[in-house]
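Presented below is the structure to which this report refers.
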Amino acid sequence: MQPLIRLEGVDVAIDGKVILRDLRWCLREGEHWAVLGGNGSGKSTFLKLIRGELAPAPGCTGRRVYGFDGDEQVTAVGIKEKIALISPELQTRYLTQEWSRTALQVIHSGFSGGDYAYQRLSEEQKNRVRAIVRLLGILELLPRNVQELSTGELRKILIARALAGAPRVLICDEVCDGLDAVSRENLLSALNRVARGGTQLLLTTHRAEELIPAITQRLLFKGGRIVESGVLPLATSGSKAADGGALPAIPKKRRTVVAGQLFDAKVLIQIERADVYLNEHRVLHGINLEIKSGEHWAVLGPNGAGKSTLLKLILGDVHPALGGRVRRFEFTPKNTIWELKRRIGFVSPELQSNYRDDVTGLEAIASGFFSSIGLMLKPSRRQVAEAATLARKLGLGELVGKGVLQMSYGEFRRILLARALVQRPQLLICDEPFDGLDVSGRQQMADTLEAVARSGTNLVLVTHHARDLPGCLTHVIELECGRAVFQGAAARHAAQRRREKVSWRADLLPAP
């Protein structure tokens, strides 16, 4: 049987630099592939080549051949109608465009493949949308503006959009990043049903538990080359790492005591009776929270609970409604927002999506001195030297000279952590810092955060994968529907959840 897609010795170059070399691979009817490898190995570039967003390198003697309709073609004309892609870059586009569109309008645009549904939907198309909405459990999201959705909520909307066009192949690039445990389980179950229904999957992940039963084949990248291709071993599901190593189980460390430091009970952040509204929609309800010196907080809860909004409230990017109050450090109304930014480091998917200036890794780190996206001002020699020293300490190596737009999602995340730390902040806020990182990257991130805590910087972390959390975390605030349903010691939270025997245990902190 003729393959649907075939690569015959293909190279791929970006800005004149060869990224992928001598690719030889084919996709046959009925196959579902896991595309694996570490950060920067070439996975996302490979997916763009398959979808026709990138072409084989000029002068390359290899061929990319499509055979969807029985006739072979070497151009990518009409291919995007047959291959749908969900990726961090697509999500970035919806977050950065200046438009006001509902989630339902975005889903409808999937029938045209553009930004809008350019004609009225037929009854058959409407029925298909209803079926997809039921499959993904997103009915309540349909009337909302997509730019007001959480990371996980928007991810589900974009998957619905991709499925609306009934693609032959669905490419999922780290599709579970930003999803809570229940949403991950539901989404992976839905993707498994999609695969069983005849749509073929290409799925990248750094987490073995996301390799759904429908996946039959494994493609492993290293250094821009395919180093392994073939049937996925049955033992891989749940027992092998998604980047080719051992199970990605970050060791559960004992809670760290910051030696040699005596913390007073100084309050760094105090929030009182805070309601927060976004476009007349109340996102947070009556939040009361104190973060004191020496405390390190995990912010837990399902998608849409208000976690990212709480972080923005701490940062001063959103404000409480009348009657609420936020006090930050010893600041008074005379202090500027820039003084606050120097005291708080911040890493988030939203920051990453907005950072589109093509600067080097070192320049991106140095931009942290100005709390800017890109370099608004030229850094001094001292600032450049401090940025370079920090990069060496964090093991960023060749990333300092690499353009950020040429980095993988996980590589850029590590650069943004350095950017957040370059001013030695008193408080470091991380929204899903482990997303997009391979096994070694997650371990390195956890180790770095432990070291940051030992240095005296307070941490506030959001994640949906509890085993990623560093052992130094001391407190938990758990949100549901914008309300705090728990806040206090991490050990007490873990004990309470064990008693309740909740189903989404992946969101829980381990006991000390």
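The chains in the structure tokens are called A, B, ... from first to last as shown; in each chain the residues are counted from 1, and the ligands are counted from 1 in the order shown.
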_Long-range neighbours of Ala195 in chain A as a count of residues only, 10 Å cut-off, only C-alpha atoms, 6 positions minimum in chain_ = 11
*Exercise: range 63-72 of chain A partners within 12 Å, only C-alpha atoms, chain neighbours under 6 positions left out, as a PyMOL selection string*: chain A and resi 1-12+22-29+46+49-52+54-57+78-83+167-169
*Using the chain letters and numbers from this document, which residues of range 199-387 of chain A does DSSP assign to strand (DSSP E or B), as a count of residues only?*
55
_Atom-to-atom span, CA of Ile429 in chain A and CA of Ala453 in chain A, Å_ =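 Going from CA of Ile429 in chain A over to CA of Ala453 in chain A covers 11.8 Å.
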*So which one's closest to Arg342 in chain A, A:Leu163, A:Leu232, A:Leu315, A:Leu390? Using only C-alpha atoms, please.*
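Comparing A:Leu163, A:Leu232, A:Leu315, A:Leu390 against Arg342 in chain A, the winner is A:Leu315.
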*Lys402 in chain A environment, 7 Å, only C-alpha atoms, sequence neighbours closer than 3 positions dropped, as a list in words*: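 Here the answer would be Thr360, Gly361, Glu398 and Leu399 of chain A.
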Once you have the residues from the selection above, write them out as a PDB file, in the first residue's frame, restricted to C-alpha atoms.
ATOM      1  CA  THR A 360      20.002  36.098  21.299  1.00  0.00           C
ATOM      2  CA  GLY A 361      19.615  34.086  24.459  1.00  0.00           C
ATOM      3  CA  GLU A 398      25.349  27.467  23.419  1.00  0.00           C
ATOM      4  CA  LEU A 399      21.842  28.865  23.978  1.00  0.00           C
TER       5      LEU A 399
END
*Any idea what's packed within 7 Å of Pro470 in chain A, counting only C-alpha atoms, ignoring anything in its chain fewer than 2 positions away? Could you give it as a ChimeraX atom specification?*
/A:446,449-450,468,472-473
_Taking only C-alpha atoms into account, name the residue in A:Gln444, A:Ser44, A:Thr61, A:Gln270 that is nearest to Cys172 in chain A._
A:Ser44
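Residue nearest Gln97 in chain A within the list A:Tyr409, A:Val146, A:Ser122, A:Val299: A:Val146 [criterion: smallest interatomic distance, only C-alpha atoms].
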List the neighbours of Arg144 in chain A out to 9 Å using only C-alpha atoms; skip same-chain residues closer than 4 positions along the sequence, and give me the result as a PDB file with C-alpha atoms, in the first residue's frame.
ATOM      1  CA  ARG A 101     -13.578  36.122  19.089  1.00  0.00           C
ATOM      2  CA  THR A 102     -15.598  33.570  20.966  1.00  0.00           C
ATOM      3  CA  ALA A 103     -14.448  29.999  21.385  1.00  0.00           C
ATOM      4  CA  LEU A 104     -17.329  28.827  19.183  1.00  0.00           C
ATOM      5  CA  GLU A 140     -19.411  26.102  28.916  1.00  0.00           C
ATOM      6  CA  GLU A 148      -9.794  35.232  28.437  1.00  0.00           C
ATOM      7  CA  LEU A 149      -9.412  31.451  28.575  1.00  0.00           C
TER       8      LEU A 149
END
Can you pull out every residue from range 273-409 of chain A that DSSP, working from the backbone, puts in helix (DSSP H, G or I), and format the result as an mmCIF file with C-alpha atoms, in the first residue's frame?
data_model
loop_
_atom_site.group_PDB
_atom_site.id
_atom_site.type_symbol
_atom_site.label_atom_id
_atom_site.label_comp_id
_atom_site.auth_asym_id
_atom_site.auth_seq_id
_atom_site.Cartn_x
_atom_site.Cartn_y
_atom_site.Cartn_z
ATOM 1 C CA LYS A 307 -4.415 30.362 39.139
ATOM 2 C CA SER A 308 -2.802 32.536 36.461
ATOM 3 C CA THR A 309 -5.016 35.477 37.442
ATOM 4 C CA LEU A 310 -3.860 35.132 41.049
ATOM 5 C CA LEU A 311 -0.247 35.332 39.864
ATOM 6 C CA LYS A 312 -1.057 38.470 37.860
ATOM 7 C CA LEU A 313 -2.706 39.965 40.955
ATOM 8 C CA ILE A 314 0.501 39.415 42.934
ATOM 9 C CA LEU A 315 2.505 40.964 40.082
ATOM 10 C CA ILE A 337 5.520 49.367 38.948
ATOM 11 C CA TRP A 338 9.141 49.143 37.762
ATOM 12 C CA GLU A 339 10.372 49.003 41.361
ATOM 13 C CA LEU A 340 7.968 46.122 41.915
ATOM 14 C CA LYS A 341 9.158 44.288 38.788
ATOM 15 C CA ARG A 342 12.733 44.432 40.086
ATOM 16 C CA ARG A 343 11.675 42.597 43.232
ATOM 17 C CA PRO A 349 3.599 30.631 28.948
ATOM 18 C CA GLU A 350 1.970 34.013 28.287
ATOM 19 C CA LEU A 351 5.276 35.846 28.673
ATOM 20 C CA GLN A 352 6.858 33.302 26.348
ATOM 21 C CA SER A 353 4.111 33.813 23.751
ATOM 22 C CA ASN A 354 4.561 37.598 23.840
ATOM 23 C CA GLY A 361 19.615 34.086 24.459
ATOM 24 C CA LEU A 362 22.097 36.337 26.252
ATOM 25 C CA GLU A 363 20.197 39.470 25.175
ATOM 26 C CA ALA A 364 16.918 37.929 26.342
ATOM 27 C CA ILE A 365 18.454 37.242 29.758
ATOM 28 C CA ALA A 366 19.789 40.814 29.926
ATOM 29 C CA SER A 367 16.315 42.177 29.101
ATOM 30 C CA GLY A 368 15.361 41.100 32.618
ATOM 31 C CA PHE A 369 17.264 44.132 33.943
ATOM 32 C CA ARG A 381 29.006 45.863 30.368
ATOM 33 C CA ARG A 382 28.320 44.915 33.959
ATOM 34 C CA GLN A 383 24.804 43.750 33.113
ATOM 35 C CA VAL A 384 26.027 41.694 30.141
ATOM 36 C CA ALA A 385 28.715 40.123 32.337
ATOM 37 C CA GLU A 386 26.175 39.280 35.062
ATOM 38 C CA ALA A 387 23.809 37.765 32.483
ATOM 39 C CA ALA A 388 26.640 35.635 31.052
ATOM 40 C CA THR A 389 27.702 34.478 34.525
ATOM 41 C CA LEU A 390 24.148 33.465 35.378
ATOM 42 C CA ALA A 391 23.818 31.602 32.056
ATOM 43 C CA ARG A 392 26.952 29.594 32.894
ATOM 44 C CA LYS A 393 25.650 28.758 36.358
ATOM 45 C CA GLY A 397 25.826 26.755 27.115
ATOM 46 C CA GLU A 398 25.349 27.467 23.419
ATOM 47 C CA LEU A 399 21.842 28.865 23.978
ATOM 48 C CA VAL A 400 23.323 32.255 24.911
ATOM 49 C CA GLY A 401 24.339 32.860 21.289
ATOM 50 C CA VAL A 404 15.297 32.916 20.676
ATOM 51 C CA LEU A 405 13.041 32.445 17.636
ATOM 52 C CA GLN A 406 15.227 29.516 16.588
ATOM 53 C CA TYR A 409 9.862 25.745 23.317
#
_Å distance separating CA of His108 in chain A from CA of Thr92 in chain A, one decimal place_ = 19.1 Å
*Between CA of Gly114 in chain A and CA of Ile159 in chain A, measure the distance and give it in Å to one decimal.*
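We find that CA of Gly114 in chain A and CA of Ile159 in chain A lie 14.6 Å from each other.
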*Which of these residues is nearest to Asn458 in chain A, using only C-alpha atoms: A:Glu228, A:Asp173, A:Glu123, A:Glu295?*
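The answer is A:Glu295, which sits nearest to Asn458 in chain A.
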*asked:* as a PyMOL selection string, please: the residues near Val485 in chain A (cut-off 12 Å, only C-alpha atoms, same-chain neighbours under 4 positions excluded).
replied: chain A and resi 285-288+299-301+305+476-481+493+496-497
